[in-house]
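Below: data_30.tsv (TSV, C-alpha atoms and all ligand atoms)
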```tsv
chain	number	residue	atom	x	y	z
A	1	MET	CA	-30.35	5.61	49.18
A	2	LYS	CA	-32.31	4.57	46.12
A	3	PRO	CA	-33.89	7.39	44.09
A	4	PRO	CA	-37.70	7.42	44.16
A	5	GLU	CA	-39.65	5.95	41.25
A	6	GLU	CA	-39.84	7.96	38.08
A	7	ASP	CA	-43.29	8.78	36.67
A	8	ASP	CA	-44.48	7.70	33.21
A	9	ALA	CA	-42.64	10.60	31.58
A	10	GLY	CA	-39.38	9.42	33.15
A	11	THR	CA	-39.06	12.38	35.52
A	12	LEU	CA	-38.48	12.24	39.23
A	13	PRO	CA	-40.98	13.85	41.66
A	14	ASP	CA	-40.48	17.57	42.35
A	15	SER	CA	-39.81	17.04	46.07
A	16	TYR	CA	-36.82	14.85	45.26
A	17	ASN	CA	-35.27	17.43	42.97
A	18	ARG	CA	-36.00	20.22	45.45
A	19	ASP	CA	-33.90	18.38	48.02
A	20	ARG	CA	-31.19	17.72	45.49
A	21	TYR	CA	-30.82	21.43	44.75
A	22	CYS	CA	-31.52	22.82	48.25
A	23	ARG	CA	-28.00	24.21	48.72
A	24	GLN	CA	-28.37	26.00	45.40
A	25	THR	CA	-31.89	27.36	45.92
A	26	LEU	CA	-30.70	28.76	49.28
A	27	LEU	CA	-28.45	31.12	47.35
A	28	PRO	CA	-30.09	34.50	46.69
A	29	GLU	CA	-28.41	34.42	43.24
A	30	ILE	CA	-30.41	31.30	42.27
A	31	GLY	CA	-33.41	30.81	44.56
A	32	VAL	CA	-36.46	28.67	43.73
A	33	GLU	CA	-37.32	30.78	40.68
A	34	GLY	CA	-33.78	30.57	39.31
A	35	GLN	CA	-33.78	26.82	39.76
A	36	ARG	CA	-37.08	26.60	37.86
A	37	ARG	CA	-35.52	28.56	35.01
A	38	LEU	CA	-32.46	26.29	34.93
A	39	LYS	CA	-34.75	23.28	34.72
A	40	GLU	CA	-36.52	24.78	31.71
A	41	SER	CA	-33.25	25.51	29.89
A	42	ARG	CA	-31.38	23.78	27.13
A	43	ALA	CA	-27.58	24.05	27.02
A	44	VAL	CA	-25.37	22.85	24.17
A	45	ILE	CA	-21.74	21.91	24.89
A	46	VAL	CA	-19.50	21.77	21.81
A	47	GLY	CA	-16.43	19.64	22.52
A	48	LEU	CA	-16.06	17.25	25.45
A	49	GLY	CA	-12.37	17.48	26.24
A	50	ALA	CA	-11.18	18.81	29.58
A	51	MET	CA	-13.25	22.03	29.59
A	52	GLY	CA	-16.33	20.42	28.04
A	53	SER	CA	-16.40	17.47	30.42
A	54	SER	CA	-16.00	19.73	33.47
A	55	ALA	CA	-18.74	22.00	32.11
A	56	ALA	CA	-21.09	19.06	31.47
A	57	ASN	CA	-20.44	17.81	35.00
A	58	PHE	CA	-21.36	21.19	36.52
A	59	LEU	CA	-24.44	21.78	34.34
A	60	VAL	CA	-25.91	18.32	34.92
A	61	ARG	CA	-25.36	18.54	38.68
A	62	ALA	CA	-26.89	22.05	38.70
A	63	GLY	CA	-30.12	20.75	37.16
A	64	ILE	CA	-30.13	22.30	33.69
A	65	GLY	CA	-33.19	20.67	32.06
A	66	ARG	CA	-31.59	19.51	28.81
A	67	VAL	CA	-27.90	19.20	27.99
A	68	VAL	CA	-26.78	18.53	24.42
A	69	LEU	CA	-23.33	16.94	24.02
A	70	ILE	CA	-21.39	17.25	20.75
A	71	ASP	CA	-17.95	15.70	20.22
A	72	ARG	CA	-16.33	13.85	17.32
A	73	ASP	CA	-13.42	12.18	19.19
A	74	LEU	CA	-12.72	8.90	20.94
A	75	VAL	CA	-11.30	8.72	24.47
A	76	GLU	CA	-7.49	8.35	24.41
A	77	LEU	CA	-5.15	7.47	27.27
A	78	HIS	CA	-3.56	10.93	27.43
A	79	ASN	CA	-7.06	12.47	27.88
A	80	LEU	CA	-7.46	10.83	31.32
A	81	GLN	CA	-4.99	13.26	32.92
A	82	ARG	CA	-7.63	16.02	32.81
A	83	GLN	CA	-10.92	14.97	31.17
A	84	ILE	CA	-12.86	14.18	34.32
A	85	LEU	CA	-15.83	12.26	32.89
A	86	TYR	CA	-13.75	9.37	31.52
A	87	SER	CA	-12.05	6.35	33.01
A	88	GLU	CA	-9.79	3.60	31.64
A	89	GLU	CA	-12.93	1.61	30.76
A	90	ASP	CA	-13.86	4.30	28.24
A	91	LEU	CA	-10.71	4.10	26.09
A	92	ASN	CA	-11.59	4.14	22.37
A	93	ARG	CA	-15.28	4.90	23.07
A	94	PRO	CA	-16.82	8.06	21.57
A	95	LYS	CA	-16.49	10.82	24.17
A	96	ALA	CA	-20.12	11.91	23.73
A	97	VAL	CA	-21.37	8.39	24.47
A	98	ALA	CA	-19.05	7.81	27.45
A	99	ALA	CA	-19.94	11.23	28.88
A	100	ALA	CA	-23.69	10.66	28.52
A	101	GLY	CA	-23.41	7.35	30.40
A	102	ILE	CA	-21.74	8.84	33.49
A	103	LEU	CA	-23.83	12.04	33.41
A	104	HIS	CA	-27.08	10.04	33.44
A	105	LYS	CA	-25.84	8.22	36.56
A	106	ILE	CA	-25.02	11.58	38.19
A	107	ASN	CA	-28.47	13.10	37.55
A	108	SER	CA	-31.11	10.99	35.81
A	109	SER	CA	-33.63	13.86	35.78
A	110	VAL	CA	-31.58	15.79	33.19
A	111	GLY	CA	-32.38	15.06	29.55
A	112	ILE	CA	-29.11	14.32	27.79
A	113	GLU	CA	-28.85	14.42	24.01
A	114	THR	CA	-25.77	12.87	22.44
A	115	HIS	CA	-24.14	13.66	19.09
A	116	ALA	CA	-20.90	11.78	18.43
A	117	GLU	CA	-20.14	13.92	15.40
A	118	ASP	CA	-18.08	16.82	14.14
A	119	LEU	CA	-19.77	20.23	14.33
A	120	ASN	CA	-19.49	21.68	10.83
A	121	LEU	CA	-21.27	23.74	8.23
A	122	SER	CA	-23.69	20.94	7.35
A	123	ASN	CA	-25.07	20.34	10.86
A	124	ALA	CA	-24.21	23.39	13.01
A	125	GLU	CA	-27.52	25.22	12.68
A	126	LYS	CA	-29.55	22.05	13.23
A	127	LEU	CA	-27.60	21.13	16.39
A	128	ILE	CA	-27.36	24.60	17.94
A	129	THR	CA	-30.71	26.28	17.25
A	130	GLY	CA	-33.14	25.82	20.11
A	131	ALA	CA	-30.34	26.25	22.68
A	132	ASP	CA	-30.68	28.84	25.44
A	133	VAL	CA	-26.91	28.94	25.83
A	134	VAL	CA	-23.92	27.35	24.05
A	135	LEU	CA	-20.68	26.50	25.86
A	136	ASP	CA	-17.31	26.30	24.15
A	137	GLY	CA	-15.36	23.12	24.84
A	138	THR	CA	-13.50	23.12	21.54
A	139	ASP	CA	-9.81	23.39	20.83
A	140	ASN	CA	-9.81	25.27	17.52
A	141	LEU	CA	-10.73	28.64	16.08
A	142	GLN	CA	-12.53	27.32	12.99
A	143	THR	CA	-15.25	25.71	15.11
A	144	ARG	CA	-15.48	28.84	17.26
A	145	PHE	CA	-16.01	31.03	14.18
A	146	LEU	CA	-18.76	28.66	13.06
A	147	MET	CA	-20.40	28.71	16.52
A	148	ASN	CA	-20.19	32.51	16.48
A	149	ASP	CA	-21.91	32.74	13.09
A	150	VAL	CA	-24.74	30.41	14.15
A	151	CYS	CA	-25.22	32.16	17.50
A	152	VAL	CA	-25.13	35.68	16.01
A	153	LYS	CA	-27.59	34.63	13.28
A	154	HIS	CA	-30.05	33.05	15.74
A	155	ARG	CA	-29.33	35.42	18.67
A	156	ILE	CA	-28.21	32.65	21.00
A	157	PRO	CA	-25.88	33.54	23.91
A	158	TRP	CA	-22.62	31.61	23.86
A	159	ILE	CA	-19.53	31.49	26.02
A	160	TYR	CA	-16.09	31.46	24.44
A	161	ALA	CA	-13.49	29.61	26.48
A	162	GLY	CA	-10.01	28.26	25.92
A	163	ALA	CA	-7.19	26.78	27.99
A	164	VAL	CA	-3.58	25.87	27.19
A	165	GLY	CA	-0.46	25.48	29.31
A	166	THR	CA	-1.24	26.96	32.72
A	167	GLY	CA	-3.58	29.71	31.46
A	168	GLY	CA	-7.06	30.10	30.11
A	169	MET	CA	-9.63	32.67	29.08
A	170	VAL	CA	-13.36	33.08	28.94
A	171	MET	CA	-15.75	35.66	27.46
A	172	PRO	CA	-19.56	35.66	27.31
A	173	ILE	CA	-21.08	36.65	23.96
A	174	LEU	CA	-24.69	37.84	23.83
A	175	PRO	CA	-25.52	38.70	20.22
A	176	GLY	CA	-27.01	42.16	19.91
A	177	ARG	CA	-25.84	43.14	23.39
A	178	THR	CA	-22.10	42.48	23.56
A	179	PRO	CA	-19.19	42.21	21.12
A	180	CYS	CA	-19.09	38.93	19.20
A	181	PHE	CA	-16.15	36.56	18.86
A	182	ARG	CA	-14.97	38.21	15.65
A	183	CYS	CA	-14.85	41.56	17.44
A	184	LEU	CA	-12.18	39.86	19.56
A	185	VAL	CA	-10.54	37.76	16.80
A	186	PRO	CA	-11.43	39.20	13.37
A	187	SER	CA	-9.84	36.45	11.27
A	188	LEU	CA	-7.87	33.24	11.45
A	189	PRO	CA	-4.20	33.74	12.28
A	190	ALA	CA	-1.64	32.14	9.98
A	191	PRO	CA	-1.16	28.40	10.58
A	192	GLY	CA	1.36	27.67	13.33
A	193	MET	CA	0.76	31.00	15.11
A	194	LEU	CA	-1.50	29.52	17.79
A	195	GLN	CA	-0.46	27.53	20.83
A	196	THR	CA	-2.22	24.21	21.22
A	197	CYS	CA	-2.33	21.67	24.04
A	198	ASP	CA	-0.70	19.13	21.71
A	199	ILE	CA	2.38	21.34	21.47
A	200	ALA	CA	2.44	23.36	24.71
A	201	GLY	CA	0.91	20.84	27.13
A	202	ILE	CA	-1.75	21.62	29.73
A	203	LEU	CA	-2.03	21.54	33.50
A	204	ASN	CA	-5.20	19.69	34.53
A	205	THR	CA	-6.46	22.39	36.90
A	206	ILE	CA	-6.82	25.22	34.37
A	207	PRO	CA	-9.59	23.75	32.16
A	208	ALA	CA	-11.63	22.94	35.29
A	209	LEU	CA	-11.23	26.52	36.49
A	210	ILE	CA	-12.22	27.97	33.12
A	211	ALA	CA	-15.24	25.60	32.99
A	212	SER	CA	-16.26	26.98	36.42
A	213	PHE	CA	-16.36	30.48	34.95
A	214	GLU	CA	-18.26	29.23	31.89
A	215	CYS	CA	-20.93	27.45	33.92
A	216	THR	CA	-21.35	30.36	36.32
A	217	LEU	CA	-21.86	32.70	33.35
A	218	ALA	CA	-24.31	30.16	31.87
A	219	CYS	CA	-26.34	30.20	35.10
A	220	GLU	CA	-26.36	34.01	35.12
A	221	ILE	CA	-27.55	34.07	31.50
A	222	LEU	CA	-30.17	31.34	31.97
A	223	THR	CA	-31.64	32.96	35.09
A	224	GLY	CA	-31.84	36.30	33.26
A	225	GLN	CA	-29.30	38.06	35.45
A	226	PHE	CA	-26.44	38.69	33.05
A	227	GLY	CA	-26.04	42.26	31.96
A	228	THR	CA	-23.16	44.47	30.95
A	229	GLY	CA	-25.30	47.56	30.51
A	230	ASP	CA	-23.00	49.58	28.28
A	231	GLY	CA	-22.43	46.88	25.64
A	232	THR	CA	-18.87	46.24	26.79
A	233	SER	CA	-17.86	42.68	27.52
A	234	TYR	CA	-14.98	41.32	29.53
A	235	LEU	CA	-12.41	38.74	28.61
A	236	VAL	CA	-11.17	37.08	31.76
A	237	HIS	CA	-7.66	35.64	31.62
A	238	VAL	CA	-6.37	33.45	34.44
A	239	ASP	CA	-2.97	31.85	34.96
A	240	VAL	CA	-3.42	29.24	37.64
A	241	TRP	CA	0.33	28.57	38.10
A	242	ARG	CA	1.21	32.22	38.61
A	243	GLN	CA	-2.11	33.02	40.36
A	244	THR	CA	-2.78	35.98	38.09
A	245	PHE	CA	-6.21	37.17	37.06
A	246	ASP	CA	-6.90	39.83	34.43
A	247	ARG	CA	-10.22	41.26	33.30
A	248	ILE	CA	-9.88	42.97	29.94
A	249	ALA	CA	-12.65	45.17	28.50
A	250	VAL	CA	-13.59	44.25	24.92
A	251	GLY	CA	-15.57	46.70	22.81
A	252	ARG	CA	-17.66	46.08	19.75
A	253	ARG	CA	-15.73	46.66	16.49
A	254	ALA	CA	-17.43	48.98	14.05
A	255	ASP	CA	-15.78	46.99	11.23
A	256	CYS	CA	-16.54	43.52	12.65
A	257	PRO	CA	-17.22	41.33	9.59
A	258	CYS	CA	-19.86	39.36	11.51
A	259	CYS	CA	-21.91	41.43	13.98
A	260	SER	CA	-21.40	44.84	12.30
A	261	ARG	CA	-21.28	43.96	8.60
A	262	GLY	CA	-23.53	40.92	8.85
A	263	ARG	CA	-21.20	38.56	6.96
A	264	LEU	CA	-21.68	34.98	8.15
A	265	ASP	CA	-18.62	33.62	6.35
A	266	PHE	CA	-18.64	30.24	8.06
A	267	LEU	CA	-22.28	29.56	7.20
A	268	ASP	CA	-21.93	30.54	3.57
A	269	PRO	CA	-21.09	27.54	1.38
A	270	VAL	CA	-19.93	29.87	-1.39
A	271	SER	CA	-17.61	32.09	0.62
A	272	ARG	CA	-16.93	29.89	3.63
A	273	GLU	CA	-13.18	30.23	3.24
A	274	MET	CA	-11.40	32.56	5.62
A	275	ILE	CA	-8.79	34.99	4.55
A	276	THR	CA	-5.50	35.95	6.14
A	277	THR	CA	-3.15	38.42	4.58
A	278	LEU	CA	0.42	37.26	4.92
A	279	CYS	CA	2.56	39.93	6.51
A	280	GLY	CA	5.21	41.63	4.43
A	281	ARG	CA	4.27	39.92	1.18
A	282	ASP	CA	2.01	40.70	-1.70
A	283	ALA	CA	-0.06	37.61	-1.05
A	284	ILE	CA	-3.24	36.43	0.64
A	285	GLN	CA	-3.80	33.07	2.22
A	286	ILE	CA	-7.24	31.48	2.11
A	287	THR	CA	-8.08	28.72	4.57
A	288	PRO	CA	-11.36	26.81	4.25
A	289	ALA	CA	-13.65	26.99	7.26
A	290	ALA	CA	-14.46	23.30	7.13
A	291	PRO	CA	-11.85	20.59	6.66
A	292	MET	CA	-11.73	19.33	3.08
A	293	GLU	CA	-9.60	17.23	0.81
A	294	ILE	CA	-8.74	18.46	-2.64
A	295	SER	CA	-7.63	16.15	-5.46
A	296	LEU	CA	-4.57	17.97	-6.77
A	297	GLU	CA	-4.41	15.46	-9.64
A	298	GLU	CA	-7.88	16.48	-10.85
A	299	LEU	CA	-7.05	20.13	-10.36
A	300	GLU	CA	-3.88	19.72	-12.43
A	301	THR	CA	-5.89	18.28	-15.32
A	302	ARG	CA	-8.38	21.12	-15.10
A	303	LEU	CA	-5.87	23.98	-14.78
A	304	SER	CA	-3.20	22.78	-17.21
A	305	ARG	CA	-5.47	23.98	-20.01
A	306	LEU	CA	-5.55	27.48	-18.56
A	307	GLY	CA	-1.94	28.21	-17.69
A	308	ASP	CA	1.34	26.92	-16.31
A	309	VAL	CA	0.94	24.22	-13.61
A	310	ARG	CA	3.67	22.85	-11.35
A	311	PHE	CA	2.78	19.87	-9.20
A	312	THR	CA	4.46	18.24	-6.20
A	313	PRO	CA	2.82	15.53	-4.05
A	314	TYR	CA	1.71	18.10	-1.48
A	315	MET	CA	1.15	21.29	-3.46
A	316	LEU	CA	0.07	22.55	-6.85
A	317	THR	CA	1.11	25.92	-8.21
A	318	PHE	CA	-0.84	27.52	-11.03
A	319	ARG	CA	0.36	30.62	-12.87
A	320	SER	CA	-1.71	32.67	-15.25
A	321	GLY	CA	-0.84	36.20	-16.34
A	322	THR	CA	0.62	38.04	-13.35
A	323	GLY	CA	-1.14	35.95	-10.69
A	324	GLU	CA	-0.01	32.74	-8.99
A	325	ILE	CA	-2.04	30.37	-6.82
A	326	SER	CA	-0.52	27.61	-4.68
A	327	VAL	CA	-3.03	25.04	-3.44
A	328	PHE	CA	-2.52	22.42	-0.72
A	329	ARG	CA	-4.43	19.15	-0.33
A	330	ASP	CA	-6.44	20.51	2.65
A	331	GLY	CA	-7.88	23.29	0.50
A	332	ARG	CA	-5.56	26.00	1.79
A	333	ALA	CA	-4.32	28.33	-0.92
A	334	ILE	CA	-1.82	31.17	-1.19
A	335	ILE	CA	-2.69	33.74	-3.83
A	336	LYS	CA	0.26	35.90	-4.88
A	337	GLY	CA	0.12	39.23	-6.66
A	338	THR	CA	-2.78	40.81	-4.77
A	339	ARG	CA	-3.51	42.40	-1.43
A	340	ASP	CA	-7.25	42.63	-2.08
A	341	GLU	CA	-9.43	40.09	-0.26
A	342	ALA	CA	-12.24	40.20	-2.81
A	343	THR	CA	-9.84	39.58	-5.73
A	344	ALA	CA	-8.28	36.66	-3.87
A	345	ARG	CA	-11.71	35.19	-3.08
A	346	SER	CA	-12.84	35.40	-6.66
A	347	LEU	CA	-9.58	33.86	-7.99
A	348	TYR	CA	-9.99	31.04	-5.48
A	349	ALA	CA	-13.61	30.47	-6.50
A	350	ARG	CA	-12.74	30.64	-10.20
A	351	TYR	CA	-9.76	28.30	-10.30
A	352	ILE	CA	-10.31	26.00	-7.35
A	353	GLY	CA	-14.07	26.09	-7.74
A	354	LEU	CA	-15.44	26.15	-4.20
B	1	ZN	ZN	-18.54	41.28	16.16
```
Could you render the structure as structure tokens?
Amino acid sequence: MKPPEEDDAGTLPDSYNRDRYCRQTLLPEIGVEGQRRLKESRAVIVGLGAMGSSAANFLVRAGIGRVVLIDRDLVELHNLQRQILYSEEDLNRPKAVAAAGILHKINSSVGIETHAEDLNLSNAEKLITGADVVLDGTDNLQTRFLMNDVCVKHRIPWIYAGAVGTGGMVMPILPGRTPCFRCLVPSLPAPGMLQTCDIAGILNTIPALIASFECTLACEILTGQFGTGDGTSYLVHVDVWRQTFDRIAVGRRADCPCCSRGRLDFLDPVSREMITTLCGRDAIQITPAAPMEISLEELETRLSRLGDVRFTPYMLTFRSGTGEISVFRDGRAIIKGTRDEATARSLYARYIGL
């Protein structure tokens, strides 16, 4: 059956969309009023891998009015095992563009906005503000910390989600009402501590299941029905291979750097680096929030006037007085001789100059 003609504004007649959503409006949880609210909503999906493409598929079919797609990657062959919006024809195309093409065919009445770019400090506020809900389709903590800062600052609900191996987790974050992401994960773990799909692999059913939870939570939030009452939130963890399901209460941290102390580290160009104290050593590691490339050659010229500099192709070590700073090309630095975050930050700012 051919869809009816669109009007001048490019929208289909109401009767057509009522029929399209009739199985959804029958539900007491949605109803006609809920469907109207979904149509008036704007959802942003950050990352269009397996979780993000499943989430986009659900939201567009459910009739969310506007869906914003953000992804920096191209479609690769090994993505096709689980990233349901792409086919072999899409190989080497930007995921955001390929996804928008198929989503428009699925539901042409949804406004789809496409950004084939990396979400980072320079564009995050511009791309996320104006959203009614933000869905996590990313694969890294740095982007999640940035999303958390933007959403806490602008009071936008967002849904944290992750999947690796045969398991996944999801937690809704409503700034001002529930714990934020940094109540759950206060700072970046040391490099190599986290499992990733590149190392551990991933079963294709788990991201789809986690996206189902994400989109259901999004519908609850957008129709005004989400509420935890006591300010507690729940992290849901599912292992699809073992058929286990855990619901873990998460409380708000009184010392949360973001939602309690109001520090938006990932939105602050001066102090955007994150800090991790290395266990068992008198040293602090600083990892920049946004990817960067440092010229160690230039840094060597600059620092050799101030102290002792040792330089290898991948690392530069600078010693002055009792302190020692080792800097890597990606901006990561290890500052020895202190356990104080503020001292480490100021040494980093002083000698590396960010
Ligand atoms: Zn918090």
Near-ligand residues for ligand ZN 1 (chain B), threshold 6 Å, only C-alpha atoms and all ligand atoms, as a ChimeraX atom specification: /A:179-183,256,258-260
Contacts of A:Pro175 within 7 Å, all atoms listed in the file, excl. fewer than 3 positions in-chain, as a list in words: Val152, Arg155, Ile156, Pro157, Thr178 and Cys180 of chain A
What separation in Å, quoted to one decimal, exists between atom CA of A:Asn204 and atom CA of A:Met51? 9.7 Å
Which residues, written as JSON, numbers by chain, have at least one atom at most 9 Å from stretch 58-70 of chain A, with all atoms listed in the file counted and residues fewer than 5 positions away on the same chain left out? {"A": [17, 20, 21, 24, 35, 37, 38, 39, 40, 41, 42, 43, 44, 45, 46, 47, 48, 52, 53, 95, 96, 97, 99, 100, 103, 104, 106, 107, 109, 110, 111, 112, 113, 114, 115, 116, 117, 118, 119, 127, 128, 131, 211, 212, 215, 218, 219]}
Mind giving me the straight-line distance from atom CA of A:Ala200 to atom CA of A:Gly165 in Å, one decimal?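 Taking atom CA of A:Ala200 and atom CA of A:Gly165, their separation equals 5.8 Å.
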Quick one: residues within 8 Å of stretch 235-241 of chain A, all atoms listed in the file counted, chain neighbours fewer than 3 positions away excluded, as a list of chain:residue names? A:Thr166, A:Gly167, A:Gly168, A:Met169, A:Val170, A:Met171, A:Pro172, A:Thr205, A:Ile206, A:Thr244, A:Phe245, A:Asp246, A:Arg247, A:Ile248, A:Ala249, A:Val250
Can those selected residues be exported to a file as a PDB file, keeping the file's coordinate frame so that it contains C-alpha atoms?
```pdb
ATOM      1  CA  THR A 166      -1.240  26.960  32.720  1.00  0.00           C
ATOM      2  CA  GLY A 167      -3.580  29.710  31.460  1.00  0.00           C
ATOM      3  CA  GLY A 168      -7.060  30.100  30.110  1.00  0.00           C
ATOM      4  CA  MET A 169      -9.630  32.670  29.080  1.00  0.00           C
ATOM      5  CA  VAL A 170     -13.360  33.080  28.940  1.00  0.00           C
ATOM      6  CA  MET A 171     -15.750  35.660  27.460  1.00  0.00           C
ATOM      7  CA  PRO A 172     -19.560  35.660  27.310  1.00  0.00           C
ATOM      8  CA  THR A 205      -6.460  22.390  36.900  1.00  0.00           C
ATOM      9  CA  ILE A 206      -6.820  25.220  34.370  1.00  0.00           C
ATOM     10  CA  THR A 244      -2.780  35.980  38.090  1.00  0.00           C
ATOM     11  CA  PHE A 245      -6.210  37.170  37.060  1.00  0.00           C
ATOM     12  CA  ASP A 246      -6.900  39.830  34.430  1.00  0.00           C
ATOM     13  CA  ARG A 247     -10.220  41.260  33.300  1.00  0.00           C
ATOM     14  CA  ILE A 248      -9.880  42.970  29.940  1.00  0.00           C
ATOM     15  CA  ALA A 249     -12.650  45.170  28.500  1.00  0.00           C
ATOM     16  CA  VAL A 250     -13.590  44.250  24.920  1.00  0.00           C
TER      17      VAL A 250
END
```
Which is closer to A:Arg263 than all the others in A:Thr343, A:Ser295, A:Asn148, A:Thr129, using all atoms listed in the file?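 Closest to A:Arg263, using all atoms listed in the file: A:Asn148.
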Name all residues at most 9 Å from A:Asn92 (count all atoms listed in the file; drop same-chain ones fewer than 3 positions away) and give them as a PyMOL selection string. chain A and resi 73-77+89+95
Next, write the just-selected residues to a file, as a short mmCIF file (atom, residue, chain, number, x, y, z; two decimals), in the frame of the given file, keeping C-alpha atoms as the atom set.
```cif
data_model
loop_
_atom_site.label_atom_id
_atom_site.label_comp_id
_atom_site.auth_asym_id
_atom_site.auth_seq_id
_atom_site.Cartn_x
_atom_site.Cartn_y
_atom_site.Cartn_z
CA ASP A 73 -13.42 12.18 19.19
CA LEU A 74 -12.72 8.90 20.94
CA VAL A 75 -11.30 8.72 24.47
CA GLU A 76 -7.49 8.35 24.41
CA LEU A 77 -5.15 7.47 27.27
CA GLU A 89 -12.93 1.61 30.76
CA LYS A 95 -16.49 10.82 24.17
#
```
Size and centre in Å, one decimal, axis-aligned box, all listed stretch 91-104 of chain A atoms plus 6 Å per side, as AutoDock Vina command-line options:
```
--center_x -18.9 --center_y 8.1 --center_z 27.5 --size_x 28.4 --size_y 19.9 --size_z 23.9
```
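Here atom CA of A:Leu85 is placed at a distance of 22.4 Å from atom CA of A:Trp158.
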From the list A:Leu267, A:Leu209, A:Val32, A:Val164, the nearest residue to A:Asp149 using only C-alpha atoms is A:Leu267
With distances taken over all atoms listed in the file, which residue among A:Val133, A:Leu26, A:Val327, A:Ile284 lies nearest A:Ile173?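 With all atoms listed in the file as the atom set, the closest residue is A:Val133.
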Could you name the residues that touch A:Arg319 at 12 Å or less, counting only C-alpha atoms, but leaving out those on the same chain fewer than 2 positions away, as a list of chain:residue names?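 Near neighbours after the sequence-gap exclusion: A:Glu300, A:Leu303, A:Ser304, A:Arg305, A:Leu306, A:Gly307, A:Asp308, A:Val309, A:Arg310, A:Phe311, A:Leu316, A:Thr317, A:Gly321, A:Thr322, A:Gly323, A:Glu324, A:Ile325, A:Ser326, A:Val327, A:Ile334, A:Ile335, A:Lys336, A:Gly337, A:Leu347, A:Tyr351.
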Restricted to C-alpha atoms, what would the selected residues look like written as a PDB file, in the coordinates of the input?
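What landed in out_25.pdb:
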```pdb
ATOM      1  CA  GLU A 300      -3.880  19.720 -12.430  1.00  0.00           C
ATOM      2  CA  LEU A 303      -5.870  23.980 -14.780  1.00  0.00           C
ATOM      3  CA  SER A 304      -3.200  22.780 -17.210  1.00  0.00           C
ATOM      4  CA  ARG A 305      -5.470  23.980 -20.010  1.00  0.00           C
ATOM      5  CA  LEU A 306      -5.550  27.480 -18.560  1.00  0.00           C
ATOM      6  CA  GLY A 307      -1.940  28.210 -17.690  1.00  0.00           C
ATOM      7  CA  ASP A 308       1.340  26.920 -16.310  1.00  0.00           C
ATOM      8  CA  VAL A 309       0.940  24.220 -13.610  1.00  0.00           C
ATOM      9  CA  ARG A 310       3.670  22.850 -11.350  1.00  0.00           C
ATOM     10  CA  PHE A 311       2.780  19.870  -9.200  1.00  0.00           C
ATOM     11  CA  LEU A 316       0.070  22.550  -6.850  1.00  0.00           C
ATOM     12  CA  THR A 317       1.110  25.920  -8.210  1.00  0.00           C
ATOM     13  CA  GLY A 321      -0.840  36.200 -16.340  1.00  0.00           C
ATOM     14  CA  THR A 322       0.620  38.040 -13.350  1.00  0.00           C
ATOM     15  CA  GLY A 323      -1.140  35.950 -10.690  1.00  0.00           C
ATOM     16  CA  GLU A 324      -0.010  32.740  -8.990  1.00  0.00           C
ATOM     17  CA  ILE A 325      -2.040  30.370  -6.820  1.00  0.00           C
ATOM     18  CA  SER A 326      -0.520  27.610  -4.680  1.00  0.00           C
ATOM     19  CA  VAL A 327      -3.030  25.040  -3.440  1.00  0.00           C
ATOM     20  CA  ILE A 334      -1.820  31.170  -1.190  1.00  0.00           C
ATOM     21  CA  ILE A 335      -2.690  33.740  -3.830  1.00  0.00           C
ATOM     22  CA  LYS A 336       0.260  35.900  -4.880  1.00  0.00           C
ATOM     23  CA  GLY A 337       0.120  39.230  -6.660  1.00  0.00           C
ATOM     24  CA  LEU A 347      -9.580  33.860  -7.990  1.00  0.00           C
ATOM     25  CA  TYR A 351      -9.760  28.300 -10.300  1.00  0.00           C
TER      26      TYR A 351
END
```
Using only C-alpha atoms, find the one residue out of A:Phe213, A:Tyr314, A:Phe226, A:Tyr348 that sits nearest to A:Glu297. A:Tyr314
